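Novice: work.csv is reproduced below (CSV, C-alpha atoms).
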```csv
chain,number,residue,atom,x,y,z
A,305,MET,CA,0.0,0.0,0.0
A,306,LYS,CA,1.3,3.4,-1.0
A,307,ALA,CA,0.0,6.8,0.0
A,308,ILE,CA,0.2,10.0,-2.1
A,309,LYS,CA,-0.5,13.3,-0.5
A,310,ASP,CA,-3.4,15.1,-2.2
A,311,SER,CA,-4.3,18.8,-1.7
A,312,VAL,CA,-8.0,18.0,-1.5
A,313,HIS,CA,-8.4,14.5,0.1
A,314,GLY,CA,-5.3,14.3,2.3
A,315,HIS,CA,-3.6,11.0,1.8
A,316,VAL,CA,-4.8,8.8,-1.1
A,317,ARG,CA,-4.0,5.1,-0.4
A,318,LEU,CA,-3.1,3.1,-3.5
A,319,GLY,CA,-3.2,-0.7,-3.5
A,320,ASP,CA,-0.8,-2.8,-5.5
A,321,LEU,CA,-2.9,-2.7,-8.7
A,322,ALA,CA,-3.5,1.0,-8.5
A,323,THR,CA,0.3,1.5,-8.0
A,324,GLU,CA,1.0,-0.5,-11.1
A,325,LEU,CA,-1.6,1.4,-13.2
A,326,VAL,CA,-0.3,4.8,-12.0
A,327,ASP,CA,3.2,3.7,-13.1
A,328,THR,CA,2.2,3.1,-16.7
A,329,PRO,CA,3.1,5.7,-19.3
A,330,ALA,CA,-0.6,6.1,-20.2
A,331,PHE,CA,-1.4,7.3,-16.7
A,332,GLN,CA,1.9,9.2,-16.1
A,333,ARG,CA,1.1,11.4,-19.1
A,334,LEU,CA,-1.9,12.8,-17.1
A,335,ARG,CA,0.7,14.7,-15.0
A,336,HIS,CA,1.1,17.1,-18.0
A,337,ILE,CA,-2.6,17.7,-18.8
A,338,LYS,CA,-4.1,20.5,-16.9
A,339,GLN,CA,-7.5,19.8,-15.4
A,340,LEU,CA,-8.9,23.2,-16.2
A,341,SER,CA,-7.0,23.9,-19.4
A,342,THR,CA,-6.7,27.6,-20.1
A,343,VAL,CA,-8.8,28.6,-17.0
A,344,ARG,CA,-5.4,28.8,-15.2
A,345,LEU,CA,-4.7,32.0,-17.3
A,346,VAL,CA,-7.5,33.7,-15.3
A,347,TYR,CA,-7.0,31.7,-12.0
A,348,PRO,CA,-3.3,31.1,-11.7
A,349,SER,CA,-3.8,28.6,-8.8
A,350,ALA,CA,-6.0,26.5,-11.1
A,351,ASN,CA,-2.9,24.6,-12.2
A,352,HIS,CA,-3.9,21.1,-11.1
A,353,THR,CA,-3.7,18.1,-13.4
A,354,ARG,CA,-5.7,15.2,-14.6
A,355,PHE,CA,-3.2,13.1,-12.7
A,356,GLU,CA,-4.3,14.6,-9.4
A,357,HIS,CA,-7.9,14.5,-10.3
A,358,SER,CA,-7.7,10.8,-11.3
A,359,LEU,CA,-6.2,10.0,-7.9
A,360,GLY,CA,-9.0,11.9,-6.2
A,361,VAL,CA,-11.6,10.0,-8.2
A,362,TYR,CA,-9.9,6.7,-7.2
A,363,HIS,CA,-10.0,7.8,-3.6
A,364,LEU,CA,-13.7,8.5,-3.7
A,365,ALA,CA,-14.4,5.3,-5.5
A,366,ARG,CA,-12.5,3.3,-2.8
A,367,GLY,CA,-14.8,4.9,-0.2
A,368,ALA,CA,-17.9,4.2,-2.3
A,369,VAL,CA,-17.2,0.5,-2.9
A,370,ASP,CA,-16.2,0.0,0.7
A,371,GLY,CA,-19.5,1.5,1.8
A,372,LEU,CA,-21.5,-0.5,-0.7
A,373,GLY,CA,-20.0,-3.8,0.5
A,374,LEU,CA,-19.2,-5.1,-3.0
A,375,ASP,CA,-17.4,-8.3,-3.5
A,376,ALA,CA,-13.6,-8.0,-4.0
A,377,ASP,CA,-13.7,-8.6,-7.8
A,378,THR,CA,-16.4,-6.0,-8.5
A,379,ALA,CA,-14.7,-3.5,-6.2
A,380,ALA,CA,-11.4,-4.0,-8.0
A,381,HIS,CA,-13.0,-3.4,-11.4
A,382,VAL,CA,-14.8,-0.2,-10.1
A,383,ARG,CA,-11.6,1.2,-8.5
A,384,ALA,CA,-9.6,0.5,-11.7
A,385,ALA,CA,-12.3,2.2,-13.8
A,386,ALA,CA,-12.3,5.2,-11.5
A,387,LEU,CA,-8.5,5.6,-11.7
A,388,LEU,CA,-8.3,5.2,-15.5
A,389,HIS,CA,-11.4,7.2,-16.4
A,390,ASP,CA,-9.4,10.1,-17.9
A,391,ILE,CA,-6.5,8.4,-19.6
A,392,GLY,CA,-8.0,9.3,-23.0
A,393,HIS,CA,-7.8,13.1,-22.4
A,394,GLY,CA,-5.8,15.1,-24.8
A,395,PRO,CA,-4.0,18.4,-24.2
A,396,TYR,CA,-6.2,21.3,-23.1
A,397,GLY,CA,-9.0,18.9,-22.0
A,398,HIS,CA,-12.4,19.5,-23.3
A,399,GLN,CA,-11.4,22.5,-25.4
A,400,THR,CA,-9.7,20.3,-28.0
A,401,GLU,CA,-12.3,17.5,-28.1
A,402,GLY,CA,-13.7,18.6,-31.5
A,403,VAL,CA,-10.2,18.7,-33.1
A,404,ILE,CA,-9.3,15.3,-31.6
A,405,ARG,CA,-12.7,13.8,-32.7
A,406,ARG,CA,-12.2,15.0,-36.3
A,407,ALA,CA,-8.6,13.6,-36.4
A,408,THR,CA,-9.3,10.3,-34.7
A,409,GLY,CA,-13.0,9.7,-34.8
A,410,ARG,CA,-12.9,9.2,-31.0
A,411,ASP,CA,-13.9,11.2,-27.9
A,412,HIS,CA,-11.8,11.5,-24.8
A,413,ASP,CA,-14.0,9.0,-23.0
A,414,ASP,CA,-13.9,6.4,-25.8
A,415,ILE,CA,-11.0,4.6,-24.3
A,416,ALA,CA,-11.8,0.9,-24.7
A,417,TRP,CA,-9.0,0.7,-27.2
A,418,LEU,CA,-6.5,1.9,-24.6
A,419,LEU,CA,-7.6,-0.7,-22.1
A,420,THR,CA,-8.1,-3.8,-24.3
A,421,ASP,CA,-5.2,-3.7,-26.7
A,422,ALA,CA,-3.0,-6.5,-25.5
A,423,ASP,CA,0.1,-4.7,-26.7
A,424,ARG,CA,-0.6,-1.8,-24.3
A,425,GLU,CA,0.8,-1.8,-20.8
A,426,VAL,CA,-2.5,-0.8,-19.1
A,427,CYS,CA,-4.2,-3.9,-20.6
A,428,GLN,CA,-1.3,-6.1,-19.5
A,429,VAL,CA,-1.4,-4.7,-15.9
A,430,LEU,CA,-5.2,-5.3,-15.7
A,431,GLU,CA,-5.0,-8.8,-17.0
A,432,ARG,CA,-1.9,-9.7,-14.8
A,433,ASN,CA,-4.0,-8.7,-11.8
A,434,GLY,CA,-7.1,-10.7,-12.9
A,435,LEU,CA,-9.2,-7.9,-14.2
A,436,ASP,CA,-11.1,-7.9,-17.4
A,437,PRO,CA,-10.2,-4.8,-19.5
A,438,ASP,CA,-13.5,-4.9,-21.3
A,439,ARG,CA,-15.4,-4.8,-18.0
A,440,VAL,CA,-13.3,-1.8,-16.8
A,441,ALA,CA,-13.9,0.0,-20.1
A,442,SER,CA,-17.7,-0.6,-19.9
A,443,LEU,CA,-17.7,0.8,-16.3
A,444,ILE,CA,-15.9,3.9,-17.6
A,445,ALA,CA,-18.5,4.2,-20.4
A,446,GLY,CA,-21.2,4.2,-17.6
A,447,GLU,CA,-22.6,0.8,-18.5
A,448,GLY,CA,-23.8,-1.9,-16.1
A,449,ARG,CA,-25.2,-1.9,-12.6
A,450,LEU,CA,-22.3,0.2,-11.3
A,451,GLY,CA,-21.5,2.3,-14.4
A,452,ASP,CA,-23.3,5.3,-13.0
A,453,LEU,CA,-20.9,5.4,-10.0
A,454,VAL,CA,-18.0,6.0,-12.5
A,455,SER,CA,-19.8,7.9,-15.2
A,456,GLY,CA,-23.2,9.1,-14.4
A,457,GLU,CA,-25.2,12.1,-13.2
A,458,LEU,CA,-23.7,12.0,-9.6
A,459,ASP,CA,-20.5,10.0,-10.0
A,460,VAL,CA,-17.1,10.0,-8.3
A,461,ASP,CA,-15.6,11.9,-11.2
A,462,ARG,CA,-18.0,14.9,-10.6
A,463,MET,CA,-17.7,14.6,-6.8
A,464,ASP,CA,-13.9,15.1,-7.2
A,465,TYR,CA,-13.7,17.8,-9.8
A,466,LEU,CA,-16.3,20.0,-8.2
A,467,VAL,CA,-14.4,20.3,-4.9
A,468,ARG,CA,-11.0,20.2,-6.5
A,469,ASP,CA,-11.7,22.9,-9.1
A,470,ALA,CA,-13.3,25.1,-6.4
A,471,HIS,CA,-10.3,24.5,-4.1
A,472,HIS,CA,-7.7,25.4,-6.8
A,473,THR,CA,-9.6,28.5,-8.2
A,474,GLY,CA,-10.4,29.8,-4.7
A,475,VAL,CA,-14.1,29.9,-5.7
A,476,PRO,CA,-16.3,29.0,-2.7
A,477,TYR,CA,-18.3,25.9,-3.1
```
Could you quickly redo this structure as structure tokens?
Specialist:
Amino acid sequence: MKAIKDSVHGHVRLGDLATELVDTPAFQRLRHIKQLSTVRLVYPSANHTRFEHSLGVYHLARGAVDGLGLDADTAAHVRAAALLHDIGHGPYGHQTEGVIRRATGRDHDDIAWLLTDADREVCQVLERNGLDPDRVASLIAGEGRLGDLVSGELDVDRMDYLVRDAHHTGVPY
């Protein structure tokens, strides 16, 4: 178990699978993608990244699955989906989605190809740890009984970015 200090949630505890996923190049690139894109030009302290946000989403998902009393396998899939939900984001976040969609035919949250391609390290880490990459991808897409927890109207993604963005912009929430 590793702990990473987070400005919003305190210490985020990472299990072995989460640590392996965080160490992949696909996840590490999130360190360089700003959560609020060009908003930081108006609010200089709004300089936080998709990396930090994804750790926060994972932290909230851990609490949710613990509270729901899910079986270990289901809980592991939900935690992995929460952690990986933003690995498809390009630079400048949502502002460049139209350009990326025109160039690739994909949206930032259409990431099944990143998770299920056996040549990609994320897929290898998931499979090595007994997780089904397709199941993780479907949770990120909001599908299934627990898909709304990861991608829904009141999901762990939204729960994190609302408090995180408010914290870093200094806007009361």
Novice: Have a look at A:Ile415, A:Leu453, A:Leu345, A:Ala385 and name the one nearest to Val440 in chain A; count only C-alpha atoms.
Specialist: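 Going through A:Ile415, A:Leu453, A:Leu345, A:Ala385 one by one, the smallest distance to Val440 in chain A is for A:Ala385.
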Novice: With distances taken over all atoms listed in the file, which of A:Leu359, A:Val346, A:Val426, A:Val369 is nearest to Ala441 in chain A?
Specialist: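 Of all the options, A:Val426 lies closest to Ala441 in chain A.
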Novice: Could you check how far CA of Val454 in chain A sits from CA of Ala422 in chain A, in Å to one decimal?
Specialist: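 Separating CA of Val454 in chain A from CA of Ala422 in chain A is a distance of 23.5 Å.
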Novice: Find the nearest atom pair between each residue of range 364-443 of chain A and range 311-319 of chain A for residues within 12 Å, count only C-alpha atoms, give distances in Å to one decimal, sort rows by chain and ascending number, and present the table as a Markdown table.
Specialist:
```
| residue | atom | partner | partner_atom | distance |
| --- | --- | --- | --- | --- |
| A:Leu364 | CA | A:His313 | CA | 8.9 |
| A:Ala365 | CA | A:Val316 | CA | 11.1 |
| A:Arg366 | CA | A:Arg317 | CA | 9.0 |
| A:Gly367 | CA | A:Val316 | CA | 10.8 |
| A:Ala380 | CA | A:Gly319 | CA | 9.9 |
| A:Arg383 | CA | A:Gly319 | CA | 10.0 |
| A:Ala384 | CA | A:Gly319 | CA | 10.5 |
| A:Leu387 | CA | A:Leu318 | CA | 10.1 |
| A:Asn433 | CA | A:Gly319 | CA | 11.6 |
```
Novice: Would you pick out the contacts of His352 in chain A at 8 Å or less, using only C-alpha atoms, so that residues sharing its chain but fewer than 2 positions from it are not included, and give the list as a PyMOL selection string?
Specialist: chain A and resi 338-340+349-350+354+356-357+472
Novice: Quick one: residues within 9 Å of Met463 in chain A, all atoms listed in the file counted, chain neighbours fewer than 5 positions away excluded, as an MDAnalysis selection string?
Specialist: chainID A and resid 361 364 458 468
Novice: Keeping just N, CA, C and O atoms, export range 441-456 of chain A of this structure as a PDB file, in the first residue's frame.
Specialist:
```
ATOM      1  N   ALA A 441     -13.548  -1.005 -19.104  1.00  0.00           N
ATOM      2  CA  ALA A 441     -13.945  -0.040 -20.133  1.00  0.00           C
ATOM      3  C   ALA A 441     -15.448   0.214 -20.100  1.00  0.00           C
ATOM      4  O   ALA A 441     -15.899   1.356 -20.265  1.00  0.00           O
ATOM      5  N   SER A 442     -16.245  -0.834 -19.880  1.00  0.00           N
ATOM      6  CA  SER A 442     -17.699  -0.641 -19.851  1.00  0.00           C
ATOM      7  C   SER A 442     -18.128   0.174 -18.629  1.00  0.00           C
ATOM      8  O   SER A 442     -19.067   0.970 -18.704  1.00  0.00           O
ATOM      9  N   LEU A 443     -17.439   0.009 -17.512  1.00  0.00           N
ATOM     10  CA  LEU A 443     -17.736   0.830 -16.330  1.00  0.00           C
ATOM     11  C   LEU A 443     -17.410   2.297 -16.616  1.00  0.00           C
ATOM     12  O   LEU A 443     -18.173   3.194 -16.246  1.00  0.00           O
ATOM     13  N   ILE A 444     -16.286   2.549 -17.283  1.00  0.00           N
ATOM     14  CA  ILE A 444     -15.913   3.923 -17.634  1.00  0.00           C
ATOM     15  C   ILE A 444     -16.947   4.527 -18.579  1.00  0.00           C
ATOM     16  O   ILE A 444     -17.251   5.720 -18.503  1.00  0.00           O
ATOM     17  N   ALA A 445     -17.516   3.712 -19.426  1.00  0.00           N
ATOM     18  CA  ALA A 445     -18.550   4.175 -20.356  1.00  0.00           C
ATOM     19  C   ALA A 445     -19.904   4.362 -19.658  1.00  0.00           C
ATOM     20  O   ALA A 445     -20.869   4.785 -20.288  1.00  0.00           O
ATOM     21  N   GLY A 446     -19.979   4.029 -18.378  1.00  0.00           N
ATOM     22  CA  GLY A 446     -21.221   4.197 -17.629  1.00  0.00           C
ATOM     23  C   GLY A 446     -22.189   3.051 -17.771  1.00  0.00           C
ATOM     24  O   GLY A 446     -23.368   3.184 -17.434  1.00  0.00           O
ATOM     25  N   GLU A 447     -21.708   1.929 -18.243  1.00  0.00           N
ATOM     26  CA  GLU A 447     -22.572   0.777 -18.492  1.00  0.00           C
ATOM     27  C   GLU A 447     -22.619  -0.149 -17.277  1.00  0.00           C
ATOM     28  O   GLU A 447     -21.713  -0.158 -16.456  1.00  0.00           O
ATOM     29  N   GLY A 448     -23.657  -0.936 -17.205  1.00  0.00           N
ATOM     30  CA  GLY A 448     -23.789  -1.928 -16.140  1.00  0.00           C
ATOM     31  C   GLY A 448     -24.365  -1.341 -14.866  1.00  0.00           C
ATOM     32  O   GLY A 448     -24.624  -0.140 -14.750  1.00  0.00           O
ATOM     33  N   ARG A 449     -24.528  -2.217 -13.922  1.00  0.00           N
ATOM     34  CA  ARG A 449     -25.161  -1.867 -12.641  1.00  0.00           C
ATOM     35  C   ARG A 449     -24.411  -0.766 -11.893  1.00  0.00           C
ATOM     36  O   ARG A 449     -25.023   0.078 -11.247  1.00  0.00           O
ATOM     37  N   LEU A 450     -23.091  -0.742 -11.994  1.00  0.00           N
ATOM     38  CA  LEU A 450     -22.296   0.242 -11.258  1.00  0.00           C
ATOM     39  C   LEU A 450     -21.656   1.307 -12.162  1.00  0.00           C
ATOM     40  O   LEU A 450     -20.863   2.114 -11.691  1.00  0.00           O
ATOM     41  N   GLY A 451     -22.024   1.303 -13.429  1.00  0.00           N
ATOM     42  CA  GLY A 451     -21.460   2.284 -14.360  1.00  0.00           C
ATOM     43  C   GLY A 451     -21.745   3.721 -13.961  1.00  0.00           C
ATOM     44  O   GLY A 451     -20.903   4.606 -14.152  1.00  0.00           O
ATOM     45  N   ASP A 452     -22.917   3.968 -13.377  1.00  0.00           N
ATOM     46  CA  ASP A 452     -23.258   5.328 -12.953  1.00  0.00           C
ATOM     47  C   ASP A 452     -22.361   5.833 -11.837  1.00  0.00           C
ATOM     48  O   ASP A 452     -22.227   7.040 -11.648  1.00  0.00           O
ATOM     49  N   LEU A 453     -21.761   4.940 -11.090  1.00  0.00           N
ATOM     50  CA  LEU A 453     -20.851   5.351 -10.032  1.00  0.00           C
ATOM     51  C   LEU A 453     -19.589   5.987 -10.619  1.00  0.00           C
ATOM     52  O   LEU A 453     -19.026   6.926 -10.060  1.00  0.00           O
ATOM     53  N   VAL A 454     -19.154   5.493 -11.790  1.00  0.00           N
ATOM     54  CA  VAL A 454     -17.956   5.998 -12.455  1.00  0.00           C
ATOM     55  C   VAL A 454     -18.298   7.090 -13.467  1.00  0.00           C
ATOM     56  O   VAL A 454     -17.584   8.079 -13.596  1.00  0.00           O
ATOM     57  N   SER A 455     -19.394   6.920 -14.171  1.00  0.00           N
ATOM     58  CA  SER A 455     -19.768   7.863 -15.221  1.00  0.00           C
ATOM     59  C   SER A 455     -21.281   8.009 -15.273  1.00  0.00           C
ATOM     60  O   SER A 455     -21.961   7.326 -16.023  1.00  0.00           O
ATOM     61  N   GLY A 456     -21.796   8.886 -14.436  1.00  0.00           N
ATOM     62  CA  GLY A 456     -23.236   9.098 -14.365  1.00  0.00           C
ATOM     63  C   GLY A 456     -23.538  10.521 -13.936  1.00  0.00           C
ATOM     64  O   GLY A 456     -22.659  11.389 -13.928  1.00  0.00           O
TER      65      GLY A 456
END
```
